[in-house]
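The next block is input35.cif, given as mmCIF, C-alpha atoms, pLDDT in the B column; chains and numbers go by the auth columns.
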```cif
data_start
loop_
_atom_site.group_PDB
_atom_site.id
_atom_site.type_symbol
_atom_site.label_atom_id
_atom_site.label_comp_id
_atom_site.label_asym_id
_atom_site.label_seq_id
_atom_site.Cartn_x
_atom_site.Cartn_y
_atom_site.Cartn_z
_atom_site.B_iso_or_equiv
_atom_site.auth_seq_id
_atom_site.auth_asym_id
ATOM 1 C CA MET A 1 0.000 0.000 0.000 86.00 1 A
ATOM 2 C CA LEU A 2 1.526 3.299 -1.131 94.00 2 A
ATOM 3 C CA ASN A 3 1.822 6.356 1.042 96.00 3 A
ATOM 4 C CA CYS A 4 1.548 9.875 -0.407 97.00 4 A
ATOM 5 C CA LYS A 5 5.286 10.393 -0.624 96.00 5 A
ATOM 6 C CA GLN A 6 5.693 7.253 -2.709 96.00 6 A
ATOM 7 C CA ALA A 7 2.616 8.072 -4.773 97.00 7 A
ATOM 8 C CA ALA A 8 3.969 11.543 -5.597 97.00 8 A
ATOM 9 C CA ALA A 9 7.283 10.047 -6.715 95.00 9 A
ATOM 10 C CA LEU A 10 5.499 7.463 -8.857 96.00 10 A
ATOM 11 C CA MET A 11 3.161 9.946 -10.540 97.00 11 A
ATOM 12 C CA SER A 12 6.165 12.044 -11.464 97.00 12 A
ATOM 13 C CA GLN A 13 8.035 9.006 -12.766 96.00 13 A
ATOM 14 C CA GLY A 14 4.968 8.061 -14.747 97.00 14 A
ATOM 15 C CA MET A 15 5.346 11.309 -16.685 96.00 15 A
ATOM 16 C CA ASP A 16 8.791 10.217 -17.829 94.00 16 A
ATOM 17 C CA LYS A 17 8.452 6.507 -18.450 92.00 17 A
ATOM 18 C CA GLU A 18 5.827 3.827 -18.509 94.00 18 A
ATOM 19 C CA LEU A 19 5.208 2.445 -15.047 96.00 19 A
ATOM 20 C CA GLY A 20 5.037 -1.271 -14.402 97.00 20 A
ATOM 21 C CA MET A 21 1.621 -2.905 -14.114 97.00 21 A
ATOM 22 C CA LEU A 22 1.858 -3.226 -10.345 96.00 22 A
ATOM 23 C CA GLN A 23 3.028 0.378 -9.946 97.00 23 A
ATOM 24 C CA GLN A 24 0.169 1.631 -12.115 97.00 24 A
ATOM 25 C CA MET A 25 -2.382 -0.312 -10.149 97.00 25 A
ATOM 26 C CA SER A 26 -1.153 0.736 -6.740 97.00 26 A
ATOM 27 C CA LEU A 27 -0.939 4.369 -7.869 98.00 27 A
ATOM 28 C CA ARG A 28 -4.470 4.270 -9.284 97.00 28 A
ATOM 29 C CA PHE A 29 -5.735 2.731 -6.086 97.00 29 A
ATOM 30 C CA HIS A 30 -4.023 5.380 -3.986 98.00 30 A
ATOM 31 C CA LEU A 31 -5.377 8.213 -6.165 98.00 31 A
ATOM 32 C CA MET A 32 -8.906 6.893 -5.818 97.00 32 A
ATOM 33 C CA MET A 33 -8.711 7.422 -2.103 96.00 33 A
ATOM 34 C CA CYS A 34 -6.488 10.468 -1.781 97.00 34 A
ATOM 35 C CA GLY A 35 -7.678 13.923 -2.821 97.00 35 A
ATOM 36 C CA GLY A 36 -4.347 15.532 -1.960 97.00 36 A
ATOM 37 C CA CYS A 37 -2.518 13.266 -4.382 98.00 37 A
ATOM 38 C CA ARG A 38 -5.158 13.811 -7.076 98.00 38 A
ATOM 39 C CA ASN A 39 -4.502 17.538 -6.763 98.00 39 A
ATOM 40 C CA CYS A 40 -0.769 16.915 -6.792 98.00 40 A
ATOM 41 C CA LYS A 41 -1.070 14.969 -10.033 98.00 41 A
ATOM 42 C CA LYS A 42 -3.219 17.652 -11.652 97.00 42 A
ATOM 43 C CA GLN A 43 -0.686 20.261 -10.628 98.00 43 A
ATOM 44 C CA MET A 44 2.188 18.286 -12.130 98.00 44 A
ATOM 45 C CA MET A 45 0.270 17.862 -15.379 97.00 45 A
ATOM 46 C CA PHE A 46 -0.443 21.578 -15.339 98.00 46 A
ATOM 47 C CA LEU A 47 3.310 22.230 -15.092 98.00 47 A
ATOM 48 C CA ARG A 48 3.808 20.186 -18.235 97.00 48 A
ATOM 49 C CA GLU A 49 1.095 22.084 -20.067 96.00 49 A
ATOM 50 C CA SER A 50 2.592 25.388 -18.931 96.00 50 A
ATOM 51 C CA CYS A 51 6.025 24.355 -20.193 95.00 51 A
ATOM 52 C CA GLU A 52 4.580 23.576 -23.602 91.00 52 A
ATOM 53 C CA ARG A 53 3.131 27.058 -23.799 91.00 53 A
ATOM 54 C CA PHE A 54 6.001 28.850 -22.176 91.00 54 A
ATOM 55 C CA PRO A 55 8.091 29.648 -25.291 84.00 55 A
ATOM 56 C CA GLN A 56 5.096 31.432 -26.783 78.00 56 A
ATOM 57 C CA GLN A 57 4.768 33.503 -23.652 77.00 57 A
ATOM 58 C CA CYS A 58 8.405 34.325 -23.169 59.00 58 A
ATOM 59 C CA SER A 59 8.098 38.065 -23.106 55.00 59 A
ATOM 60 C CA PRO A 60 10.895 40.382 -24.182 47.00 60 A
ATOM 61 C CA ILE A 61 10.511 42.516 -21.102 46.00 61 A
ATOM 62 C CA GLU A 62 13.443 42.079 -18.759 44.00 62 A
ATOM 63 C CA GLN A 63 12.683 41.855 -15.088 42.00 63 A
ATOM 64 C CA SER A 64 14.537 44.357 -12.997 39.00 64 A
ATOM 65 C CA ASN A 65 14.645 41.934 -10.082 39.00 65 A
ATOM 66 C CA ASN A 66 13.373 38.536 -9.103 38.00 66 A
ATOM 67 C CA GLU A 67 10.694 39.550 -6.721 34.00 67 A
ATOM 68 C CA MET B 1 -1.985 38.976 -46.309 45.00 1 B
ATOM 69 C CA PRO B 2 1.388 40.233 -45.085 51.00 2 B
ATOM 70 C CA ASN B 3 4.265 40.184 -47.518 60.00 3 B
ATOM 71 C CA LEU B 4 7.735 38.809 -46.983 62.00 4 B
ATOM 72 C CA ASP B 5 9.134 42.122 -45.781 69.00 5 B
ATOM 73 C CA SER B 6 6.725 42.227 -42.903 71.00 6 B
ATOM 74 C CA THR B 7 7.669 38.655 -42.044 72.00 7 B
ATOM 75 C CA VAL B 8 11.287 39.772 -41.842 76.00 8 B
ATOM 76 C CA ASP B 9 10.308 42.675 -39.592 78.00 9 B
ATOM 77 C CA GLU B 10 8.334 40.350 -37.356 77.00 10 B
ATOM 78 C CA LEU B 11 11.242 37.944 -37.103 79.00 11 B
ATOM 79 C CA VAL B 12 13.559 40.729 -36.063 80.00 12 B
ATOM 80 C CA SER B 13 11.051 41.829 -33.453 80.00 13 B
ATOM 81 C CA LEU B 14 11.055 38.308 -31.999 87.00 14 B
ATOM 82 C CA ARG B 15 14.810 38.337 -31.574 90.00 15 B
ATOM 83 C CA ARG B 16 14.852 39.453 -27.949 88.00 16 B
ATOM 84 C CA GLU B 17 12.178 36.990 -26.929 89.00 17 B
ATOM 85 C CA MET B 18 14.120 34.215 -28.626 92.00 18 B
ATOM 86 C CA PHE B 19 17.324 35.265 -26.948 93.00 19 B
ATOM 87 C CA LYS B 20 15.713 35.269 -23.555 90.00 20 B
ATOM 88 C CA PHE B 21 14.322 31.777 -24.071 92.00 21 B
ATOM 89 C CA ALA B 22 17.637 30.459 -25.412 93.00 22 B
ATOM 90 C CA ARG B 23 19.567 31.962 -22.535 91.00 23 B
ATOM 91 C CA LEU B 24 17.253 30.327 -20.023 89.00 24 B
ATOM 92 C CA GLN B 25 17.897 26.929 -21.618 89.00 25 B
ATOM 93 C CA LEU B 26 21.609 27.313 -22.263 88.00 26 B
ATOM 94 C CA ARG B 27 22.586 29.615 -19.384 84.00 27 B
ATOM 95 C CA ASP B 28 25.214 31.194 -21.537 87.00 28 B
ATOM 96 C CA ASP B 29 24.900 34.412 -23.553 93.00 29 B
ATOM 97 C CA ALA B 30 27.259 33.447 -26.355 94.00 30 B
ATOM 98 C CA SER B 31 25.607 30.079 -27.057 93.00 31 B
ATOM 99 C CA ALA B 32 22.178 31.682 -26.773 95.00 32 B
ATOM 100 C CA GLU B 33 23.176 34.293 -29.343 95.00 33 B
ATOM 101 C CA ASP B 34 24.457 31.551 -31.671 95.00 34 B
ATOM 102 C CA ALA B 35 21.202 29.628 -31.355 95.00 35 B
ATOM 103 C CA VAL B 36 19.093 32.707 -32.107 95.00 36 B
ATOM 104 C CA GLN B 37 21.158 33.733 -35.106 94.00 37 B
ATOM 105 C CA GLU B 38 21.099 30.266 -36.590 93.00 38 B
ATOM 106 C CA ALA B 39 17.366 29.998 -36.010 93.00 39 B
ATOM 107 C CA LEU B 40 16.719 33.390 -37.608 90.00 40 B
ATOM 108 C CA ALA B 41 18.901 32.508 -40.582 90.00 41 B
ATOM 109 C CA ALA B 42 17.029 29.233 -41.031 89.00 42 B
ATOM 110 C CA ALA B 43 13.687 31.001 -40.672 85.00 43 B
ATOM 111 C CA LEU B 44 14.603 33.613 -43.271 83.00 44 B
ATOM 112 C CA ALA B 45 15.870 30.944 -45.645 83.00 45 B
ATOM 113 C CA GLY B 46 12.601 29.082 -45.161 77.00 46 B
ATOM 114 C CA GLN B 47 10.753 32.045 -46.735 66.00 47 B
ATOM 115 C CA LYS B 48 7.448 31.007 -45.315 70.00 48 B
ATOM 116 C CA GLN B 49 4.553 33.368 -44.954 69.00 49 B
ATOM 117 C CA PHE B 50 2.170 33.495 -42.065 71.00 50 B
ATOM 118 C CA ASN B 51 -1.176 35.072 -41.484 71.00 51 B
ATOM 119 C CA ASN B 52 -0.363 36.279 -38.020 74.00 52 B
ATOM 120 C CA ARG B 53 2.428 36.794 -35.567 74.00 53 B
ATOM 121 C CA ALA B 54 1.410 33.890 -33.335 76.00 54 B
ATOM 122 C CA GLN B 55 1.824 31.389 -36.182 80.00 55 B
ATOM 123 C CA LEU B 56 5.168 32.857 -37.111 82.00 56 B
ATOM 124 C CA LYS B 57 6.282 32.738 -33.496 85.00 57 B
ATOM 125 C CA THR B 58 5.299 29.089 -33.103 85.00 58 B
ATOM 126 C CA TRP B 59 7.266 28.211 -36.221 87.00 59 B
ATOM 127 C CA VAL B 60 10.384 30.183 -35.378 90.00 60 B
ATOM 128 C CA PHE B 61 10.452 28.914 -31.774 91.00 61 B
ATOM 129 C CA ALA B 62 10.261 25.339 -33.085 91.00 62 B
ATOM 130 C CA ILE B 63 13.370 26.078 -35.150 93.00 63 B
ATOM 131 C CA LEU B 64 15.022 27.707 -32.153 94.00 64 B
ATOM 132 C CA LYS B 65 14.293 24.693 -29.960 93.00 65 B
ATOM 133 C CA ASN B 66 16.047 22.446 -32.453 93.00 66 B
ATOM 134 C CA LYS B 67 19.084 24.716 -32.519 95.00 67 B
ATOM 135 C CA ILE B 68 19.207 24.686 -28.724 94.00 68 B
ATOM 136 C CA ILE B 69 18.955 20.885 -28.716 92.00 69 B
ATOM 137 C CA ASP B 70 21.853 20.727 -31.213 91.00 70 B
ATOM 138 C CA ILE B 71 23.974 22.955 -29.007 91.00 71 B
ATOM 139 C CA ILE B 72 23.234 20.893 -25.886 87.00 72 B
ATOM 140 C CA ARG B 73 24.128 17.678 -27.727 85.00 73 B
ATOM 141 C CA GLU B 74 27.287 19.229 -29.091 85.00 74 B
ATOM 142 C CA ARG B 75 28.238 20.469 -25.646 80.00 75 B
ATOM 143 C CA THR B 76 27.856 17.116 -23.958 73.00 76 B
ATOM 144 C CA ARG B 77 30.003 15.479 -26.615 72.00 77 B
ATOM 145 C CA THR B 78 33.006 17.200 -25.095 69.00 78 B
ATOM 146 C CA PRO B 79 34.377 15.027 -22.296 61.00 79 B
ATOM 147 C CA GLY B 80 34.165 16.010 -18.673 55.00 80 B
ATOM 148 C CA THR B 81 30.661 17.392 -18.808 57.00 81 B
ATOM 149 C CA ALA B 82 29.184 15.134 -16.144 57.00 82 B
ATOM 150 C CA MET B 83 27.435 17.520 -13.831 63.00 83 B
ATOM 151 C CA ALA B 84 26.232 17.673 -10.301 64.00 84 B
ATOM 152 C CA VAL B 85 22.488 17.283 -10.255 66.00 85 B
ATOM 153 C CA ASP B 86 22.030 16.561 -6.572 67.00 86 B
ATOM 154 C CA GLU B 87 21.554 20.227 -5.783 75.00 87 B
ATOM 155 C CA ILE B 88 18.269 19.749 -3.969 80.00 88 B
ATOM 156 C CA PRO B 89 18.983 17.550 -0.942 79.00 89 B
ATOM 157 C CA GLU B 90 17.398 14.121 -0.688 75.00 90 B
ATOM 158 C CA ASP B 91 15.161 15.162 2.202 80.00 91 B
ATOM 159 C CA ALA B 92 14.236 18.601 0.826 84.00 92 B
ATOM 160 C CA TYR B 93 10.511 17.884 0.654 90.00 93 B
ATOM 161 C CA ASP B 94 10.322 15.434 3.551 89.00 94 B
ATOM 162 C CA ASP B 95 8.604 17.931 5.801 92.00 95 B
ATOM 163 C CA LEU B 96 5.588 17.942 3.484 96.00 96 B
ATOM 164 C CA PHE B 97 4.864 14.458 4.770 96.00 97 B
ATOM 165 C CA ASN B 98 4.331 12.979 8.211 96.00 98 B
ATOM 166 C CA GLU B 99 6.364 10.087 9.595 95.00 99 B
ATOM 167 C CA LYS B 100 4.106 7.622 7.779 96.00 100 B
ATOM 168 C CA GLY B 101 4.638 9.371 4.462 96.00 101 B
ATOM 169 C CA PHE B 102 1.183 10.953 4.215 97.00 102 B
ATOM 170 C CA TRP B 103 0.643 14.662 3.492 97.00 103 B
ATOM 171 C CA GLN B 104 0.910 16.954 6.472 96.00 104 B
ATOM 172 C CA GLU B 105 -2.357 18.795 6.978 94.00 105 B
ATOM 173 C CA ASP B 106 -0.983 22.155 5.794 93.00 106 B
ATOM 174 C CA ALA B 107 1.032 20.649 2.934 95.00 107 B
ATOM 175 C CA ARG B 108 -1.719 18.599 1.315 96.00 108 B
ATOM 176 C CA PRO B 109 -2.063 19.920 -2.259 97.00 109 B
ATOM 177 C CA SER B 110 -5.292 21.847 -2.652 95.00 110 B
ATOM 178 C CA SER B 111 -7.218 22.394 -5.846 95.00 111 B
ATOM 179 C CA TRP B 112 -5.967 25.112 -8.194 96.00 112 B
ATOM 180 C CA GLY B 113 -9.482 25.426 -9.584 94.00 113 B
ATOM 181 C CA ASP B 114 -9.277 26.166 -13.275 95.00 114 B
ATOM 182 C CA PRO B 115 -5.525 26.794 -13.590 95.00 115 B
ATOM 183 C CA GLU B 116 -5.624 27.048 -17.399 94.00 116 B
ATOM 184 C CA SER B 117 -7.426 30.356 -17.049 94.00 117 B
ATOM 185 C CA SER B 118 -4.109 31.775 -15.820 94.00 118 B
ATOM 186 C CA PHE B 119 -2.552 31.217 -19.236 93.00 119 B
ATOM 187 C CA SER B 120 -3.986 34.479 -20.462 91.00 120 B
ATOM 188 C CA SER B 121 -2.381 36.465 -17.653 92.00 121 B
ATOM 189 C CA ARG B 122 0.993 38.080 -18.315 90.00 122 B
ATOM 190 C CA GLN B 123 1.564 38.229 -14.594 92.00 123 B
ATOM 191 C CA PHE B 124 1.183 34.459 -14.355 94.00 124 B
ATOM 192 C CA TRP B 125 3.944 33.901 -16.901 93.00 125 B
ATOM 193 C CA ARG B 126 6.171 36.284 -15.041 92.00 126 B
ATOM 194 C CA VAL B 127 5.649 34.281 -11.858 95.00 127 B
ATOM 195 C CA PHE B 128 6.190 31.039 -13.773 95.00 128 B
ATOM 196 C CA GLU B 129 9.518 32.287 -15.047 92.00 129 B
ATOM 197 C CA ILE B 130 10.566 33.472 -11.595 93.00 130 B
ATOM 198 C CA CYS B 131 9.745 30.021 -10.222 95.00 131 B
ATOM 199 C CA LEU B 132 11.789 28.364 -12.978 93.00 132 B
ATOM 200 C CA THR B 133 14.794 30.538 -12.283 90.00 133 B
ATOM 201 C CA ARG B 134 14.526 29.854 -8.557 93.00 134 B
ATOM 202 C CA LEU B 135 15.247 26.162 -9.155 92.00 135 B
ATOM 203 C CA PRO B 136 18.919 25.249 -8.772 90.00 136 B
ATOM 204 C CA GLU B 137 20.678 25.661 -12.109 85.00 137 B
ATOM 205 C CA ASN B 138 21.261 22.046 -13.121 85.00 138 B
ATOM 206 C CA THR B 139 17.916 20.922 -11.775 91.00 139 B
ATOM 207 C CA ALA B 140 16.253 23.548 -13.937 91.00 140 B
ATOM 208 C CA ARG B 141 18.342 22.473 -16.898 88.00 141 B
ATOM 209 C CA VAL B 142 17.274 18.826 -16.624 91.00 142 B
ATOM 210 C CA PHE B 143 13.660 19.863 -16.136 95.00 143 B
ATOM 211 C CA MET B 144 13.631 22.172 -19.147 94.00 144 B
ATOM 212 C CA MET B 145 15.394 19.605 -21.337 93.00 145 B
ATOM 213 C CA ARG B 146 12.562 17.262 -20.503 95.00 146 B
ATOM 214 C CA GLU B 147 9.539 19.561 -20.490 96.00 147 B
ATOM 215 C CA MET B 148 10.432 22.357 -22.887 94.00 148 B
ATOM 216 C CA LEU B 149 12.831 20.755 -25.323 93.00 149 B
ATOM 217 C CA GLY B 150 11.168 17.353 -25.283 91.00 150 B
ATOM 218 C CA PHE B 151 14.175 15.154 -24.538 92.00 151 B
ATOM 219 C CA GLU B 152 13.374 11.615 -23.409 92.00 152 B
ATOM 220 C CA THR B 153 14.831 10.781 -20.015 91.00 153 B
ATOM 221 C CA ASP B 154 17.223 8.132 -21.357 89.00 154 B
ATOM 222 C CA GLU B 155 18.705 10.729 -23.641 88.00 155 B
ATOM 223 C CA ILE B 156 19.047 13.235 -20.805 88.00 156 B
ATOM 224 C CA CYS B 157 20.874 10.555 -18.797 84.00 157 B
ATOM 225 C CA LYS B 158 23.188 9.861 -21.680 82.00 158 B
ATOM 226 C CA GLU B 159 23.840 13.499 -22.554 80.00 159 B
ATOM 227 C CA LEU B 160 24.500 14.503 -18.964 81.00 160 B
ATOM 228 C CA ALA B 161 26.122 11.242 -17.868 81.00 161 B
ATOM 229 C CA ILE B 162 23.752 10.677 -14.952 84.00 162 B
ATOM 230 C CA SER B 163 21.895 7.506 -13.983 86.00 163 B
ATOM 231 C CA PRO B 164 18.218 7.068 -14.907 87.00 164 B
ATOM 232 C CA THR B 165 17.271 6.951 -11.241 88.00 165 B
ATOM 233 C CA ASN B 166 19.103 10.176 -10.630 88.00 166 B
ATOM 234 C CA CYS B 167 17.310 11.718 -13.579 90.00 167 B
ATOM 235 C CA TRP B 168 13.841 10.789 -12.269 92.00 168 B
ATOM 236 C CA VAL B 169 14.703 12.019 -8.823 91.00 169 B
ATOM 237 C CA VAL B 170 15.877 15.358 -10.203 93.00 170 B
ATOM 238 C CA LEU B 171 12.736 15.719 -12.332 95.00 171 B
ATOM 239 C CA HIS B 172 10.534 14.869 -9.378 95.00 172 B
ATOM 240 C CA ARG B 173 12.241 17.438 -7.174 94.00 173 B
ATOM 241 C CA ALA B 174 11.974 20.042 -9.910 95.00 174 B
ATOM 242 C CA ARG B 175 8.237 19.393 -10.220 97.00 175 B
ATOM 243 C CA MET B 176 7.751 19.551 -6.458 96.00 176 B
ATOM 244 C CA GLY B 177 9.720 22.789 -6.269 96.00 177 B
ATOM 245 C CA LEU B 178 7.840 24.435 -9.116 97.00 178 B
ATOM 246 C CA ARG B 179 4.497 23.234 -7.820 97.00 179 B
ATOM 247 C CA LEU B 180 5.151 24.711 -4.389 96.00 180 B
ATOM 248 C CA CYS B 181 6.454 27.960 -5.862 96.00 181 B
ATOM 249 C CA LEU B 182 3.396 28.448 -8.083 97.00 182 B
ATOM 250 C CA ASP B 183 1.126 27.476 -5.224 96.00 183 B
ATOM 251 C CA GLU B 184 2.658 30.055 -2.944 95.00 184 B
ATOM 252 C CA ARG B 185 3.313 32.854 -5.417 95.00 185 B
ATOM 253 C CA TRP B 186 0.315 32.544 -7.676 96.00 186 B
ATOM 254 C CA PHE B 187 -2.530 30.218 -6.821 95.00 187 B
ATOM 255 C CA ASN B 188 -2.610 31.100 -3.148 89.00 188 B
ATOM 256 C CA SER B 189 -1.101 34.521 -3.413 82.00 189 B
ATOM 257 C CA GLU B 190 -2.940 37.610 -2.303 69.00 190 B
ATOM 258 C CA ASN B 191 -0.908 39.779 -4.650 60.00 191 B
ATOM 259 C CA ARG B 192 -2.223 37.968 -7.641 67.00 192 B
ATOM 260 C CA ASP B 193 -3.773 40.230 -10.244 55.00 193 B
ATOM 261 C CA ALA B 194 -5.346 37.789 -12.671 49.00 194 B
#
```

Entire entry expressed as structure tokens:
Amino acid sequence: MLNCKQAAALMSQGMDKELGMLQQMSLRFHLMMCGGCRNCKKQMMFLRESCERFPQQCSPIEQSNNE
Amino acid sequence: MPNLDSTVDELVSLRREMFKFARLQLRDDASAEDAVQEALAAALAGQKQFNNRAQLKTWVFAILKNKIIDIIRERTRTPGTAMAVDEIPEDAYDDLFNEKGFWQEDARPSSWGDPESSFSSRQFWRVFEICLTRLPENTARVFMMREMLGFETDEICKELAISPTNCWVVLHRARMGLRLCLDERWFNSENRDA
């Protein structure tokens, strides 16, 4: 049975390679029961979507500082 | 229908945006300049015409990405380029979880609602870029190779001479870091002006 820490690591790994059958099943099972991890997964997918769009949004305006 | 001259003007106007993107990926002004110039030369030679600036931008950034990928591959062909990617410590995000590995009450990811609606906000992209640049340098580089340049992880491992496990760990930490940064500075920020 996965805990959230392991589930978060697996969902990230699943974005980079195909997970094994057992890993997929235990992750799916964990996500069914855990709203926090469902949000975490959505947020990670959102990061990917943002990265795809980022070059189009890269504005020419230089920031004067990082805050 | 714009003519070729206006395409040339548009390309020139994209130069600074391209440079900024290239510099973020390559972390080096000279290589970034090379990538932009080669991409612009290729775009001009392509002599394509576009109905609007967005189409042109998509096309020229695709060319730029390929130039950046070439430069990264070229770079890693020189020996001695193995790099430290363990910049974020192993236990960096441990305090998000309790001793059993479940989310701490205040660290449990909450819903971002309809996050895609932020795509139309310039302020969001500014925050996104700040969050990217706040990642440690090599962590950001691995993450952007994967998510912006589209490298597969086995190629990242090979190019950077790191193990696959190391690569996944770095990517995971990058995602956790970015997620927390956006959560704090945008989705749960009071200063947000959507």

Give me the residues of chain A that have any atom at most 8 Å from an atom of chain B; for each, the nearest atom pair and the distance in Å, rounded to one decimal. Use all atoms listed in the file, sort by chain and number, and format it as CSV.
```
residue,atom,partner,partner_atom,distance
A:Asn3,CA,B:Gly101,CA,5.4
A:Cys4,CA,B:Phe102,CA,4.8
A:Lys5,CA,B:Gly101,CA,5.2
A:Gln6,CA,B:Gly101,CA,7.6
A:Ala9,CA,B:His172,CA,6.4
A:Ser12,CA,B:His172,CA,5.6
A:Gln13,CA,B:Trp168,CA,6.1
A:Asp16,CA,B:Thr153,CA,6.4
A:Lys17,CA,B:Thr153,CA,7.8
A:Gly36,CA,B:Pro109,CA,5.0
A:Cys37,CA,B:Pro109,CA,7.0
A:Asn39,CA,B:Ser111,CA,5.6
A:Cys40,CA,B:Pro109,CA,5.6
A:Gln43,CA,B:Arg179,CA,6.6
A:Met44,CA,B:Arg175,CA,6.4
A:Phe46,CA,B:Pro115,CA,7.5
A:Leu47,CA,B:Arg179,CA,7.4
A:Arg48,CA,B:Glu147,CA,6.2
A:Ser50,CA,B:Phe119,CA,7.8
A:Cys51,CA,B:Met148,CA,5.5
A:Glu52,CA,B:Met148,CA,6.0
A:Phe54,CA,B:Trp125,CA,7.6
A:Pro55,CA,B:Phe21,CA,6.7
A:Gln56,CA,B:Thr58,CA,6.7
A:Gln57,CA,B:Trp125,CA,6.8
A:Cys58,CA,B:Glu17,CA,6.0
A:Ser59,CA,B:Glu17,CA,5.7
A:Pro60,CA,B:Glu17,CA,4.5
A:Asn66,CA,B:Ile130,CA,6.3
A:Glu67,CA,B:Ile130,CA,7.8
```

Taking only C-alpha atoms into account, name the residue in B:Ser117, B:Asn138, B:Ser6, B:Asn51 that is nearest to Leu26 of chain B.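 Smallest separation from Leu26 of chain B among the options: B:Asn138.
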
In Å to one decimal, how far is atom CA of Arg53 of chain A from atom CA of Ser163 of chain B?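 Atom CA of Arg53 of chain A lies at a distance of 28.8 Å from atom CA of Ser163 of chain B.
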
To box segment 39-44 of chain A, take all atoms listed in the file, fit an axis-aligned box, add 8 Å on each side, and give centre and edge lengths in Å to one decimal, as JSON.
```
{"center_x": -1.2, "center_y": 17.6, "center_z": -9.4, "size_x": 22.7, "size_y": 21.3, "size_z": 21.4}
```

Calculate how many Å separate atom CA of Leu40 of chain B from atom CA of Leu160 of chain B, rounding to one decimal.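 Computed distance, atom CA of Leu40 of chain B to atom CA of Leu160 of chain B, equals 27.7 Å.
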
Which value, in Å to one decimal, gives the distance between atom CA of Leu56 of chain B and atom CA of Ile69 of chain B? 20.1 Å

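Compared by their closest atoms to Lys42 of chain A, and using only C-alpha atoms, the residues A:Met1, A:Phe29, A:Gly20, A:Ala8 rank with A:Ala8 nearest.
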
Closest to Thr7 of chain B among B:Asp34, B:Arg77, B:Ala45, B:Gln25, using all atoms listed in the file?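 Counting all atoms listed in the file, the residue closest to Thr7 of chain B is B:Ala45.
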
Near-Lys48 of chain B list (10 Å; all atoms listed in the file; drop same-chain fewer than 2 positions) as a PyMOL selection string: chain B and resi 3-4+7+43-46+50+56+59
